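So this one's run_5.cif, mmCIF, C-alpha atoms and all ligand atoms:
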data_upload
#
loop_
_atom_site.label_atom_id
_atom_site.label_comp_id
_atom_site.auth_asym_id
_atom_site.auth_seq_id
_atom_site.Cartn_x
_atom_site.Cartn_y
_atom_site.Cartn_z
CA LEU R 1 0.00 0.00 0.00
CA ILE R 2 2.86 2.34 0.80
CA ARG R 3 4.37 1.50 -2.57
CA LEU R 4 1.05 2.15 -4.27
CA ARG R 5 0.99 5.58 -2.68
CA THR R 6 4.52 6.54 -3.64
CA ARG R 7 4.18 5.20 -7.15
CA LEU R 8 0.99 7.12 -7.73
CA SER R 9 2.50 10.37 -6.50
CA ARG R 10 2.15 12.07 -9.87
CA SER R 11 -1.55 11.39 -10.03
CA GLN R 12 -1.87 12.38 -6.40
CA ASN R 13 -0.53 15.80 -7.28
CA VAL R 14 -3.46 16.35 -9.58
CA PHE R 15 -6.15 15.10 -7.21
CA GLY R 16 -4.49 16.28 -4.04
CA LYS R 17 -4.05 19.85 -5.24
CA GLY R 18 -7.74 20.30 -5.80
CA LEU R 19 -8.54 18.79 -2.43
CA LEU R 20 -5.95 20.82 -0.59
CA SER R 21 -7.36 24.07 -1.81
CA LEU R 22 -10.72 22.92 -0.48
CA LEU R 23 -9.33 22.80 3.01
CA SER R 24 -8.90 26.54 2.97
CA ARG R 25 -12.56 27.15 2.13
CA ASP R 26 -15.40 27.39 4.53
CA ARG R 27 -18.12 26.93 1.94
CA LEU R 28 -18.65 24.52 -0.94
CA ASP R 29 -19.22 27.11 -3.63
CA GLU R 30 -19.19 26.88 -7.40
CA ASP R 31 -15.37 27.10 -7.53
CA VAL R 32 -15.05 23.92 -5.51
CA TRP R 33 -17.01 21.91 -8.04
CA GLU R 34 -15.05 23.43 -10.89
CA GLU R 35 -11.81 22.51 -9.22
CA ILE R 36 -12.84 18.94 -8.63
CA GLU R 37 -14.06 18.72 -12.22
CA ASP R 38 -10.74 20.11 -13.47
CA SER R 39 -8.68 17.65 -11.46
CA LEU R 40 -10.75 14.70 -12.66
CA ILE R 41 -10.43 15.75 -16.28
CA THR R 42 -6.69 16.43 -15.89
CA ALA R 43 -6.31 12.96 -14.40
CA ASP R 44 -7.95 11.53 -17.53
CA VAL R 45 -11.12 10.26 -15.92
CA GLY R 46 -12.90 11.37 -19.11
CA ILE R 47 -15.52 14.07 -19.61
CA ASP R 48 -18.68 11.97 -19.28
CA ALA R 49 -17.55 10.10 -16.20
CA THR R 50 -16.35 13.36 -14.60
CA ARG R 51 -19.70 15.05 -15.13
CA GLU R 52 -21.52 12.09 -13.65
CA ILE R 53 -19.22 11.88 -10.66
CA VAL R 54 -19.42 15.60 -9.94
CA ASP R 55 -23.21 15.67 -10.36
CA ARG R 56 -23.65 12.79 -7.95
CA LEU R 57 -21.22 14.37 -5.53
CA ARG R 58 -23.09 17.67 -5.58
CA GLU R 59 -26.37 15.92 -4.99
CA ARG R 60 -25.02 13.86 -2.10
CA THR R 61 -23.34 16.80 -0.38
CA ARG R 62 -26.60 18.74 -0.72
CA VAL R 63 -28.66 15.90 0.76
CA LEU R 64 -26.16 15.19 3.52
CA GLY R 65 -25.40 18.84 4.26
CA THR R 66 -21.66 18.23 3.88
CA ARG R 67 -19.52 21.10 5.08
CA THR R 68 -15.97 19.99 5.67
CA ALA R 69 -13.27 19.03 3.23
CA THR R 70 -12.74 15.73 5.05
CA GLU R 71 -16.35 14.75 4.53
CA LEU R 72 -16.15 15.83 0.93
CA ARG R 73 -13.04 13.77 0.39
CA ALA R 74 -14.81 10.70 1.74
CA LEU R 75 -17.77 11.27 -0.55
CA LEU R 76 -15.51 11.81 -3.56
CA ALA R 77 -13.64 8.62 -2.73
CA ALA R 78 -16.93 6.74 -2.53
CA GLU R 79 -18.02 8.08 -5.92
CA LEU R 80 -14.69 7.16 -7.54
CA VAL R 81 -14.87 3.64 -6.10
CA ASN R 82 -18.44 3.39 -7.30
CA ALA R 83 -17.39 4.46 -10.81
CA LEU R 84 -14.94 1.54 -10.74
CA ASP R 85 -17.68 -0.98 -10.02
CA PRO R 86 -16.29 -2.61 -6.86
CA THR R 87 -18.50 -5.68 -7.38
CA LEU R 88 -16.52 -6.94 -10.41
CA ASP R 89 -14.52 -10.14 -10.11
CA ARG R 90 -10.89 -9.12 -10.59
CA SER R 91 -9.22 -12.39 -9.69
CA LEU R 92 -6.80 -13.83 -12.21
CA ARG R 93 -7.46 -17.39 -13.36
CA THR R 94 -4.00 -18.91 -13.12
CA ALA R 95 -4.71 -22.26 -11.44
CA PRO R 96 -4.44 -25.43 -13.53
CA ARG R 97 -7.60 -27.35 -14.27
CA GLU R 98 -7.93 -31.07 -14.71
CA GLY R 99 -4.22 -31.55 -14.69
CA ALA R 100 -3.59 -29.11 -17.54
CA PRO R 101 -1.90 -25.76 -17.00
CA ALA R 102 -3.93 -22.58 -17.01
CA VAL R 103 -3.25 -20.67 -20.21
CA LEU R 104 -3.09 -16.89 -20.31
CA LEU R 105 -2.74 -14.85 -23.49
CA VAL R 106 -1.21 -11.42 -23.09
CA VAL R 107 -2.18 -8.96 -25.84
CA GLY R 108 -1.80 -5.24 -26.56
CA VAL R 109 0.06 -2.77 -28.79
CA ASN R 110 3.85 -2.77 -28.98
CA GLY R 111 5.49 -0.98 -26.11
CA ALA R 112 2.48 -1.24 -23.81
CA GLY R 113 4.38 -3.51 -21.44
CA LYS R 114 3.30 -7.03 -22.43
CA THR R 115 6.69 -8.72 -22.07
CA THR R 116 7.35 -6.96 -18.78
CA THR R 117 3.90 -7.93 -17.49
CA CYS R 118 4.49 -11.59 -18.42
CA GLY R 119 7.71 -11.48 -16.41
CA LYS R 120 6.09 -9.81 -13.41
CA VAL R 121 3.09 -12.15 -13.37
CA ALA R 122 5.44 -15.15 -13.58
CA ARG R 123 7.38 -13.72 -10.69
CA VAL R 124 4.26 -13.42 -8.50
CA LEU R 125 3.15 -16.96 -9.35
CA ILE R 126 6.57 -18.48 -8.73
CA ALA R 127 6.91 -16.65 -5.43
CA ASP R 128 3.61 -18.31 -4.59
CA GLY R 129 5.09 -21.76 -5.26
CA ARG R 130 3.70 -22.26 -8.77
CA SER R 131 5.56 -23.30 -11.89
CA VAL R 132 5.38 -21.29 -15.09
CA VAL R 133 6.20 -21.57 -18.80
CA LEU R 134 6.56 -18.34 -20.76
CA GLY R 135 5.80 -18.53 -24.49
CA ALA R 136 7.55 -15.97 -26.71
CA ALA R 137 4.91 -15.63 -29.42
CA ASP R 138 5.92 -12.03 -30.11
CA THR R 139 8.04 -13.14 -33.04
CA PHE R 140 7.59 -9.84 -34.81
CA ARG R 141 9.88 -7.78 -32.62
CA ALA R 142 13.32 -9.41 -32.74
CA ALA R 143 14.32 -8.46 -29.21
CA ALA R 144 11.04 -9.52 -27.62
CA ALA R 145 11.98 -13.21 -27.25
CA ASP R 146 15.36 -12.27 -25.76
CA GLN R 147 13.67 -9.92 -23.34
CA LEU R 148 11.21 -12.62 -22.30
CA ALA R 149 14.06 -15.14 -21.93
CA THR R 150 15.84 -12.67 -19.64
CA TRP R 151 12.71 -12.37 -17.52
CA ALA R 152 12.37 -16.16 -17.47
CA SER R 153 15.84 -16.69 -16.05
CA ARG R 154 15.39 -13.81 -13.65
CA VAL R 155 12.22 -15.22 -12.12
CA GLY R 156 12.87 -18.93 -12.59
CA ALA R 157 10.41 -19.76 -15.36
CA GLU R 158 10.95 -21.94 -18.42
CA VAL R 159 10.80 -20.11 -21.77
CA VAL R 160 9.67 -21.47 -25.13
CA ARG R 161 10.73 -19.57 -28.21
CA GLY R 162 10.77 -20.26 -31.92
CA PRO R 163 13.27 -19.51 -34.65
CA GLU R 164 13.41 -15.91 -35.85
CA ALA R 165 10.21 -14.82 -37.65
CA ALA R 166 8.50 -18.04 -36.60
CA ASP R 167 4.74 -18.30 -36.82
CA PRO R 168 3.44 -16.87 -33.51
CA ALA R 169 0.70 -19.49 -33.37
CA SER R 170 3.18 -22.32 -33.65
CA VAL R 171 5.31 -20.90 -30.81
CA ALA R 172 2.18 -20.52 -28.69
CA PHE R 173 1.18 -24.12 -29.47
CA ASP R 174 4.64 -25.38 -28.52
CA ALA R 175 4.62 -23.37 -25.29
CA VAL R 176 1.38 -24.96 -24.13
CA ARG R 177 2.62 -28.40 -25.22
CA ARG R 178 5.75 -27.85 -23.14
CA GLY R 179 3.68 -26.69 -20.20
CA ILE R 180 1.59 -29.86 -20.36
CA ASP R 181 4.69 -32.08 -20.71
CA LEU R 182 6.40 -30.42 -17.76
CA GLY R 183 3.20 -30.45 -15.75
CA VAL R 184 3.47 -26.77 -14.85
CA ASP R 185 0.64 -24.74 -13.33
CA THR R 186 0.50 -21.81 -15.70
CA VAL R 187 1.52 -20.91 -19.26
CA LEU R 188 1.78 -17.23 -20.11
CA ILE R 189 1.91 -16.34 -23.80
CA ASP R 190 3.40 -13.02 -24.89
CA THR R 191 1.98 -11.99 -28.27
CA ALA R 192 2.89 -9.36 -30.88
CA GLY R 193 0.99 -6.11 -30.87
CA ARG R 194 1.25 -5.11 -34.44
CA LEU R 195 -1.73 -2.91 -35.09
CA GLN R 196 -1.37 -2.69 -38.86
CA ASN R 197 -5.11 -3.13 -39.30
CA LYS R 198 -7.97 -4.82 -37.61
CA ILE R 199 -8.15 -7.72 -40.06
CA GLY R 200 -4.44 -8.48 -39.71
CA LEU R 201 -4.66 -8.40 -35.95
CA MET R 202 -7.76 -10.53 -35.95
CA ASP R 203 -6.10 -13.08 -38.22
CA GLU R 204 -2.97 -13.28 -36.10
CA LEU R 205 -4.48 -13.28 -32.61
CA GLY R 206 -7.39 -15.40 -33.76
CA LYS R 207 -4.99 -18.00 -35.07
CA VAL R 208 -2.89 -17.97 -31.89
CA LYS R 209 -6.03 -18.53 -29.87
CA ARG R 210 -7.44 -21.28 -32.11
CA VAL R 211 -4.17 -23.16 -32.14
CA VAL R 212 -3.72 -22.90 -28.37
CA GLU R 213 -7.28 -24.13 -27.91
CA LYS R 214 -6.34 -27.41 -29.56
CA HIS R 215 -4.79 -28.17 -26.20
CA GLY R 216 -7.71 -26.81 -24.17
CA PRO R 217 -9.45 -23.53 -23.33
CA VAL R 218 -7.68 -20.22 -22.84
CA ASP R 219 -8.30 -19.24 -19.22
CA GLU R 220 -7.59 -15.57 -19.46
CA THR R 221 -6.86 -13.02 -22.19
CA LEU R 222 -5.20 -9.98 -20.67
CA LEU R 223 -5.11 -6.69 -22.54
CA VAL R 224 -2.07 -4.63 -21.56
CA LEU R 225 -2.65 -0.88 -21.79
CA ASP R 226 -0.12 1.89 -21.28
CA ALA R 227 -1.73 4.44 -18.91
CA THR R 228 0.41 7.25 -20.31
CA THR R 229 -1.29 7.01 -23.71
CA GLY R 230 -4.47 8.33 -22.09
CA GLN R 231 -7.70 8.57 -23.98
CA ASN R 232 -6.02 7.81 -27.35
CA GLY R 233 -4.85 4.46 -26.07
CA LEU R 234 -8.45 3.63 -25.33
CA GLU R 235 -9.37 3.71 -29.00
CA GLN R 236 -6.62 1.23 -29.82
CA ALA R 237 -7.68 -0.90 -26.90
CA ARG R 238 -11.16 -1.14 -28.25
CA VAL R 239 -9.85 -2.77 -31.42
CA PHE R 240 -8.37 -5.58 -29.32
CA THR R 241 -11.60 -6.10 -27.44
CA GLU R 242 -13.32 -6.44 -30.81
CA VAL R 243 -10.96 -9.13 -32.11
CA VAL R 244 -10.36 -11.24 -28.99
CA ASP R 245 -12.44 -12.01 -25.97
CA VAL R 246 -10.53 -9.93 -23.42
CA THR R 247 -11.17 -11.03 -19.83
CA GLY R 248 -9.07 -8.48 -17.98
CA VAL R 249 -7.00 -5.31 -18.39
CA VAL R 250 -3.50 -4.68 -17.08
CA LEU R 251 -2.89 -0.94 -16.84
CA THR R 252 0.86 -0.27 -16.94
CA LYS R 253 3.10 2.73 -16.27
CA LEU R 254 0.84 4.32 -13.70
CA ASP R 255 4.06 5.40 -11.96
CA GLY R 256 4.97 7.61 -14.91
CA THR R 257 1.77 9.55 -15.29
CA ALA R 258 -0.43 12.06 -13.54
CA LYS R 259 -3.34 10.49 -15.34
CA GLY R 260 -4.22 7.74 -12.90
CA GLY R 261 -7.88 8.53 -13.43
CA ILE R 262 -7.59 6.73 -16.76
CA VAL R 263 -8.47 3.56 -14.86
CA ILE R 264 -12.01 4.88 -14.52
CA ALA R 265 -12.23 5.70 -18.21
CA VAL R 266 -10.90 2.23 -19.11
CA GLN R 267 -13.44 0.51 -16.92
CA ARG R 268 -16.25 2.58 -18.29
CA LYS R 269 -15.36 2.57 -22.00
CA LEU R 270 -14.26 -1.04 -22.31
CA GLY R 271 -16.50 -2.57 -19.67
CA ILE R 272 -13.73 -5.01 -18.79
CA PRO R 273 -12.32 -5.24 -15.26
CA VAL R 274 -8.87 -3.81 -14.65
CA LYS R 275 -7.20 -6.71 -12.85
CA LEU R 276 -3.59 -5.60 -12.43
CA VAL R 277 -1.64 -2.36 -12.43
CA GLY R 278 1.98 -1.80 -13.42
CA LEU R 279 3.82 0.58 -11.12
CA GLY R 280 7.38 0.45 -12.47
CA GLU R 281 9.88 -1.53 -14.50
CA GLY R 282 11.08 -3.86 -11.76
CA PRO R 283 9.94 -7.44 -11.09
CA ASP R 284 7.88 -6.46 -8.05
CA ASP R 285 6.22 -3.47 -9.61
CA LEU R 286 2.90 -5.14 -10.23
CA ALA R 287 -0.15 -4.95 -7.99
CA PRO R 288 -3.61 -6.44 -8.06
CA PHE R 289 -6.12 -3.71 -8.76
CA GLU R 290 -8.36 -3.03 -5.81
CA PRO R 291 -10.65 0.02 -6.25
CA THR R 292 -10.79 1.17 -2.62
CA GLN R 293 -7.04 1.00 -2.08
CA PHE R 294 -6.36 2.56 -5.44
CA VAL R 295 -8.71 5.49 -4.90
CA ASP R 296 -7.28 6.01 -1.45
CA ALA R 297 -3.75 6.17 -2.85
CA LEU R 298 -4.91 8.45 -5.63
CA LEU R 299 -6.45 10.97 -3.27
CA GLY R 300 -3.26 11.05 -1.20
P1 LIG W 1 5.74 -4.79 -25.10
O1 LIG W 1 6.24 -4.31 -26.42
O2 LIG W 1 4.25 -4.58 -24.97
O3 LIG W 1 6.13 -6.18 -24.77
O4 LIG W 1 6.36 -3.82 -23.98
P2 LIG W 1 7.60 -4.06 -22.98
O5 LIG W 1 7.24 -5.05 -21.94
O6 LIG W 1 8.82 -4.31 -23.79
O7 LIG W 1 7.69 -2.65 -22.25
C1 LIG W 1 8.00 -1.46 -22.93
C2 LIG W 1 8.76 -0.53 -21.98
O8 LIG W 1 7.88 -0.12 -20.93
C3 LIG W 1 9.93 -1.19 -21.29
O9 LIG W 1 10.99 -0.26 -21.22
C4 LIG W 1 9.41 -1.52 -19.90
O10 LIG W 1 10.44 -1.56 -18.92
C5 LIG W 1 8.48 -0.38 -19.67
N1 LIG W 1 7.39 -0.71 -18.71
C6 LIG W 1 6.54 -1.76 -18.72
N2 LIG W 1 5.67 -1.69 -17.68
C7 LIG W 1 5.98 -0.57 -16.98
C8 LIG W 1 5.44 0.07 -15.79
O11 LIG W 1 4.48 -0.38 -15.15
N3 LIG W 1 6.06 1.24 -15.40
C9 LIG W 1 7.10 1.77 -16.08
N4 LIG W 1 7.61 2.91 -15.63
N5 LIG W 1 7.62 1.21 -17.19
C10 LIG W 1 7.08 0.05 -17.64
#
Render the structure in this file as structure tokens.
Amino acid sequence: LIRLRTRLSRSQNVFGKGLLSLLSRDRLDEDVWEEIEDSLITADVGIDATREIVDRLRERTRVLGTRTATELRALLAAELVNALDPTLDRSLRTAPREGAPAVLLVVGVNGAGKTTTCGKVARVLIADGRSVVLGAADTFRAAAADQLATWASRVGAEVVRGPEAADPASVAFDAVRRGIDLGVDTVLIDTAGRLQNKIGLMDELGKVKRVVEKHGPVDETLLVLDATTGQNGLEQARVFTEVVDVTGVVLTKLDGTAKGGIVIAVQRKLGIPVKLVGLGEGPDDLAPFEPTQFVDALLG
């Protein structure tokens, strides 16, 4: 939790500033609402969600007769948590079923943090006593397989890679085969995020999925999104949700942005639960996403 707070310090600046200035007021006047609205928009919560949150907040403070900044902070926190739908199931399906490893596909545009996320997730699982195979199906970017192999040796996972420019689907197939042969708990497959066009992406990811499913069902398809790309990144993300059945979002690089509110926009626009957040480049810089804790850290 302490780490969450320090890593979200940039976003805190945006939210915290607005809240701090409230402390010096004795009335909740029009400026207060404008300031809250500005901080939410600056933090990339998105215009529609911001309006809704502020409207609900105004209504609640009116009904409750809220006067102090502390009370207002609590109400704002509650509205932000509410906007994140705290009832969603955010658990990651990584446990093997019927003797076969759980299979997770990791998708997203290049540079979003897929390879890094595969490494970090493997690290968490291995620390928890599980065994992991990493499949380097990002055969498009030459260095991607090397990078994944580095992560594998760092965290103690087995890596499966193909020859240069190999068919991603065949590498993915081999990785799951290897996972079954070794009897591991989880297979994580890193894919390429070439967004040349929707058809190309659909063909490639569709094929990876179909081929993997010859071994059994895919348990989880994680979409990795770079938080620093803000609202633009959301448009690209939508394309992925249209071509594969995404079951969870990993929002990376929250440490490098003041736009932590993007998590609300992601939830709202994609309708898919954010399950994990990336808070840095290191092996331990991954956290499960928990709305109450996150909002608390965000508000400083
Ligand atoms: P990929 O192309 O989607 O596989 O992306 P990579 O995993 O290679 O990551 C791209 C860059 O982002 C690398 O330099 C990573 O170290 C960095 N990165 C990934 N996740 C995070 C994060 O949560 N925070 C920060 N600050 N950097 C990250």
All residues within 6 Å of ligand LIG 1 (chain W) are required, counting all atoms listed in the file; please report them as a ChimeraX atom specification.
/R:109-116,252-253,255-256,278-281
Find the residues around R:Cys118 up to 8 Å (all atoms listed in the file counted), leave out those fewer than 6 positions away in its own chain, and share them as a PyMOL selection string.
chain R and resi 106+134+148+188-190
Best match for closeness to R:Arg130 among R:Thr186, R:Gln293, R:Thr150, R:Ser39, counting only C-alpha atoms
R:Thr186
Long-range neighbours of R:Thr50 as an MDAnalysis selection string, 7 Å cut-off, all atoms listed in the file, 4 positions minimum in chain
chainID R and resid 37 40:41 45:46 54
Give the answer as one residue: which of R:Gly230, R:Gly271, R:Pro96, R:Gly119 has the shortest atom-to-atom distance to R:Gly156, using only C-alpha atoms?
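For R:Gly156, the nearest of the candidates is R:Gly119.
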I'd like the neighbourhood of stretch 195-210 of chain R as a PyMOL selection string, where a residue qualifies if any of its atoms comes within 8 Å (using all atoms listed in the file), though same-chain residues fewer than 2 positions away should be ignored.
chain R and resi 109+168-170+172-173+191+193+212-214+218+239+243-244
Contacts of R:Val155 within 9 Å, only C-alpha atoms, excl. fewer than 3 positions in-chain, as a count of residues only
11
Take atom CA of R:Leu104 and atom CA of R:Leu92 and report the distance between them in Å, one decimal.
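Computing it gives 9.4 Å between the two atoms.
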Report, in Å with one decimal, the straight-line distance from atom CA of R:Gly65 to atom CA of R:Ala78.
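Distance reported for this atom pair: 16.3 Å.
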Just to confirm, what's the straight-line distance from atom CA of R:Gly233 to atom CA of R:Val249 in Å (one decimal)?
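So the answer is 12.6 Å.
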Could you tell me, as number ranges by chain, which residues have any atom at most 10 Å from (2.4, -28.8, -15.1), counting only C-alpha atoms?
R: 96, 99-102, 130-133, 176, 178-187
For R:Phe294, the nearest of the candidates R:Val274, R:Leu72, R:Ala166, R:Val211, counting only C-alpha atoms:
R:Val274
Would you kindly identify which residues have an atom no farther than 10 Å from (-8.1, 0.1, -28.2), using all atoms listed in the file and the file's own coordinates, and write them out as a list in words?
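Residues with an atom close enough to that point: Gly108, Val109, Leu195, Leu223, Leu225, Gln231, Asn232, Gly233, Leu234, Glu235, Gln236, Ala237, Arg238, Val239, Phe240, Thr241, Glu242, Val266, Lys269 and Leu270 of chain R.
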